[in-house]
Amino acid sequence: MLSKRSLRERFVLELAVAMTAMLLVIIISLSIYFYTNSMNHLKEEMRLQAKYITSYYPKQEDYNDNRDISFLKETSPYRVFITNNPNTTKQKQKIDNNHNFLILTESYPDSNMFLTIERDISSEYHFIKDIYLMMLLMLFLGLIFIVYYAQLLSKKLLHPLKMLTEQFTSMNESLLHQIKTEKLPLEFMKLADSVNLLITKVSSSIKYRKELYIGTAHELKTPLAVMRLKNQITLMKYKKYDNVREALQQNITSIDTLNAMIHNLLEFGRAEGAQFEQPQRLNLIRFMASKCEEYELLANSQNRNLIYNFTVPHFRVKIQALLFMQIFQNFIQNALKFTPERGLVSLDTRMDAHHFIIEITDEGEGIDENKDLFAPFQRSLESTGAGLGLFLAQNAAESMGVIINLRNRTDRSGAIASISFPLNRFLLKD
């Protein structure tokens with residue numbers, strides 16, 4: 001069933017109906033014209049025949065004596081009757097022994113005799129019937145051609161929209177580029193120019209926002225560093241005063257927390273900058289394997305174990321490597337942080353019908369699934385960070401077009417962090 005919302009299907013249907021109706025009108029008109037013209041021609045021929053007979057043969061016997069009736073009966077399509085009892089004074093048709101006859105009755109000018117001519121029109125009738133059948137066949141073939149041509153024409157007309165859609169699909173906040181207008185028809189130029197103007201404004205806004213984050217973070221770091229240094233110097237002078245010492249220590253701790261938050265803001269600014277990185281085609285399995293060797297050393301230094309198992313041997317896609325590392329590194333580091341000593345962190349890959357999935361499993365206490373862990377400044381009680389790591393990972397995931405998720409394990413305590421690559425997006429782009 002055709003979709004009411006499909007412009008292409010509606011165009012095909014309306015064009016097919018309109019062209020079929022036009023073709024049907026033409027065929028019916030031609031059929032009526034052929035039939036009427038043939039009948040008029042036969043009637044005119046019969047009138048001339050009647051005029052000749054009424055002029056030279058006043059009686060049936062005279063006509064029979066001057067004609068070989070048996071020969072005419074076999075070869076001529078005409079049958080002539082001269083009587084004083086007319087059947088009718090109008091033209092009509094009749095069917096006799098599966099033969100169609102056209103009948104013409106004329107009266108003699110100066111007598112009460114009447115001439116009736118019967119013309120066998122079976123051959124003409126079958127010829128017209130064959131024309132009708134041929135036209136019906138033409139109508140059927142024409143309908144097939146119309147539907148095919150309508151599909152082809154609609155595809156050509158919607159091709160510029162398809163080009164624009166493909167360019168829009170490849171864009172996101174991190175990959176904004178001007179639409180190429182060289183191959184677009186003139187009718188789409190205004191639309192493309194308007195979109196390009198909007199892209200320019202959005203790009204400028206993102207650029208200024210990134211500069212604001214980085215500039216603000218840098219400006220805050222200097223006074224905080226001065227405050228921390230002065231607190232440390234003052235703390236050295238007042239070692240014997242417990243109250244002063246405690247206050248100074250709290251100030252230093254608060255300053256360290258602010259520094260950690262500023263560090264995360266700088267990371268957010270760098271992540272914003274990484275969004276403008278051009279995607280590169282790489283083997284994601286090989287890329288992760290090289291990084292896992294480094295994380296394995298990090299895990300061993302923390303008295304933890306890291307194993308990785310790539311059941312999918314190859315997965316080549318175009319991605320922004322820095323954005324992917326923003327997610328991958330955050331998940332690995334969190335898994336190592338919350339896994340107890342001598343615990344195990346495992347990395348696995350798998351493929352389903354719609355996604356390529358990376359899963360990082362830890363043996364920690366798990367997560368609170370009632371909280372939005374991807375919101376800014378959300379962190380667990382055991383965490384010492386500013387709570388921006390998962391928020392940055394979520395931003396990176398949205399920019400890349402991947403899906404990230406956190407859930408608790410069902411077999412034991414611990415959490416599973418997953419990164420899902422939709423195949424219909426990444427394989428088509430690749």
# chains A, B, ... in the order shown; residues from 1 in each chain; ligands from 1
>>> residues_around(residues="A:Ile144", least_positions_apart="6", cutoff="12 Å", atoms="only C-alpha atoms", output="number ranges by chain")
A: 16-17, 19-20, 137-138, 150-151
>>> write_last_selection(atoms="N, CA and C atoms", output="mmCIF file, in the first residue's frame")
data_model
loop_
_atom_site.group_PDB
_atom_site.id
_atom_site.type_symbol
_atom_site.label_atom_id
_atom_site.label_comp_id
_atom_site.auth_asym_id
_atom_site.auth_seq_id
_atom_site.Cartn_x
_atom_site.Cartn_y
_atom_site.Cartn_z
ATOM 1 N N ALA A 16 0.930 8.561 -13.033
ATOM 2 C CA ALA A 16 0.443 7.364 -13.708
ATOM 3 C C ALA A 16 -1.056 7.462 -13.989
ATOM 4 N N VAL A 17 -1.819 7.955 -13.007
ATOM 5 C CA VAL A 17 -3.266 8.100 -13.205
ATOM 6 C C VAL A 17 -3.564 9.117 -14.296
ATOM 7 N N MET A 19 -1.575 10.218 -16.809
ATOM 8 C CA MET A 19 -1.137 9.750 -18.122
ATOM 9 C C MET A 19 -2.030 8.616 -18.626
ATOM 10 N N THR A 20 -2.454 7.734 -17.726
ATOM 11 C CA THR A 20 -3.339 6.639 -18.128
ATOM 12 C C THR A 20 -4.693 7.174 -18.571
ATOM 13 N N LEU A 137 -4.303 -3.521 -25.868
ATOM 14 C CA LEU A 137 -2.925 -3.963 -25.609
ATOM 15 C C LEU A 137 -1.992 -2.775 -25.476
ATOM 16 N N MET A 138 -2.186 -1.778 -26.339
ATOM 17 C CA MET A 138 -1.366 -0.562 -26.246
ATOM 18 C C MET A 138 -1.612 0.151 -24.924
ATOM 19 N N ALA A 150 7.333 7.069 -14.761
ATOM 20 C CA ALA A 150 7.038 7.900 -13.590
ATOM 21 C C ALA A 150 8.031 7.611 -12.467
ATOM 22 N N GLN A 151 8.356 6.318 -12.281
ATOM 23 C CA GLN A 151 9.370 5.972 -11.271
ATOM 24 C C GLN A 151 10.712 6.600 -11.617
#
>>> closest_atom_pairs(of="stretch 391-415 of chain A", to="stretch 352-359 of chain A", cutoff="12 Å", atoms="only C-alpha atoms", output="CSV")
residue,atom,partner,partner_atom,distance
A:Val402,CA,A:His355,CA,9.7
A:Ile403,CA,A:Ile357,CA,9.3
A:Ile404,CA,A:Ile358,CA,9.4
A:Asn405,CA,A:Glu359,CA,9.5
A:Leu406,CA,A:Glu359,CA,9.7
A:Arg407,CA,A:Glu359,CA,10.7
A:Arg409,CA,A:Glu359,CA,11.5
A:Ala415,CA,A:Glu359,CA,10.1
>>> select_by_dssp(residues="stretch 7-132 of chain A", states="strand (DSSP E)", output="short mmCIF file (atom, residue, chain, number, x, y, z; two decimals) with C-alpha atoms, in the first residue's frame")
data_model
loop_
_atom_site.label_atom_id
_atom_site.label_comp_id
_atom_site.auth_asym_id
_atom_site.auth_seq_id
_atom_site.Cartn_x
_atom_site.Cartn_y
_atom_site.Cartn_z
CA TYR A 78 -24.07 -6.98 -51.23
CA ARG A 79 -27.56 -8.46 -51.32
CA VAL A 80 -30.18 -6.50 -53.29
CA PHE A 81 -33.99 -6.73 -52.85
CA ILE A 82 -36.49 -4.73 -54.94
CA THR A 83 -40.03 -5.02 -53.52
CA LYS A 92 -30.04 -0.35 -39.44
CA GLN A 93 -27.85 -3.39 -38.75
CA LYS A 94 -28.63 -7.06 -38.23
CA ILE A 95 -26.79 -10.29 -37.47
CA ASP A 96 -27.50 -13.34 -39.65
CA HIS A 99 -22.54 -12.27 -40.11
CA ASN A 100 -23.09 -8.57 -39.49
CA PHE A 101 -25.13 -6.69 -42.11
CA LEU A 102 -25.65 -3.00 -42.68
CA ILE A 103 -29.06 -2.35 -44.25
CA LEU A 104 -30.08 0.57 -46.46
CA THR A 105 -33.65 1.03 -47.77
CA GLU A 106 -34.43 3.57 -50.52
CA SER A 107 -37.69 4.28 -52.38
CA PHE A 114 -38.48 0.06 -52.64
CA LEU A 115 -34.84 -0.97 -52.81
CA THR A 116 -33.20 -2.73 -49.87
CA ILE A 117 -29.44 -3.26 -49.89
CA GLU A 118 -27.77 -5.44 -47.31
CA ARG A 119 -24.03 -5.04 -47.02
CA ASP A 120 -22.00 -7.75 -45.22
#
>>> atom_distance(atom1="atom CA of A:Gln394", atom2="atom CA of A:Met163")
29.5 Å
>>> atom_distance(atom1="atom CA of A:Pro185", atom2="atom CA of A:Pro279")
29.2 Å
>>> closest_residue(among="A:Leu197, A:Asn251, A:Ile360, A:Ser122", to="A:Asn330", atoms="only C-alpha atoms")
A:Ile360
>>> residues_around(residues="stretch 32-34 of chain A", least_positions_apart="4", cutoff="12 Å", atoms="only C-alpha atoms", output="VMD selection string")
chain A and resid 25 to 28 38 to 41 124 to 125 127 to 132 135
>>> residues_around(residues="A:Tyr148", least_positions_apart="5", cutoff="9 Å", atoms="only C-alpha atoms", output="list in words")
Val12, Leu143 and Leu153 of chain A
>>> write_last_selection(atoms="C-alpha atoms", output="PDB file, in the first residue's frame")
ATOM      1  CA  VAL A  12       4.256   8.290  -9.317  1.00  0.00           C
ATOM      2  CA  LEU A 143       0.362   1.781 -18.454  1.00  0.00           C
ATOM      3  CA  LEU A 153      11.241  10.654 -13.545  1.00  0.00           C
TER       4      LEU A 153
END
>>> atom_distance(atom1="atom CA of A:Leu390", atom2="atom CA of A:Gly343")
22.4 Å
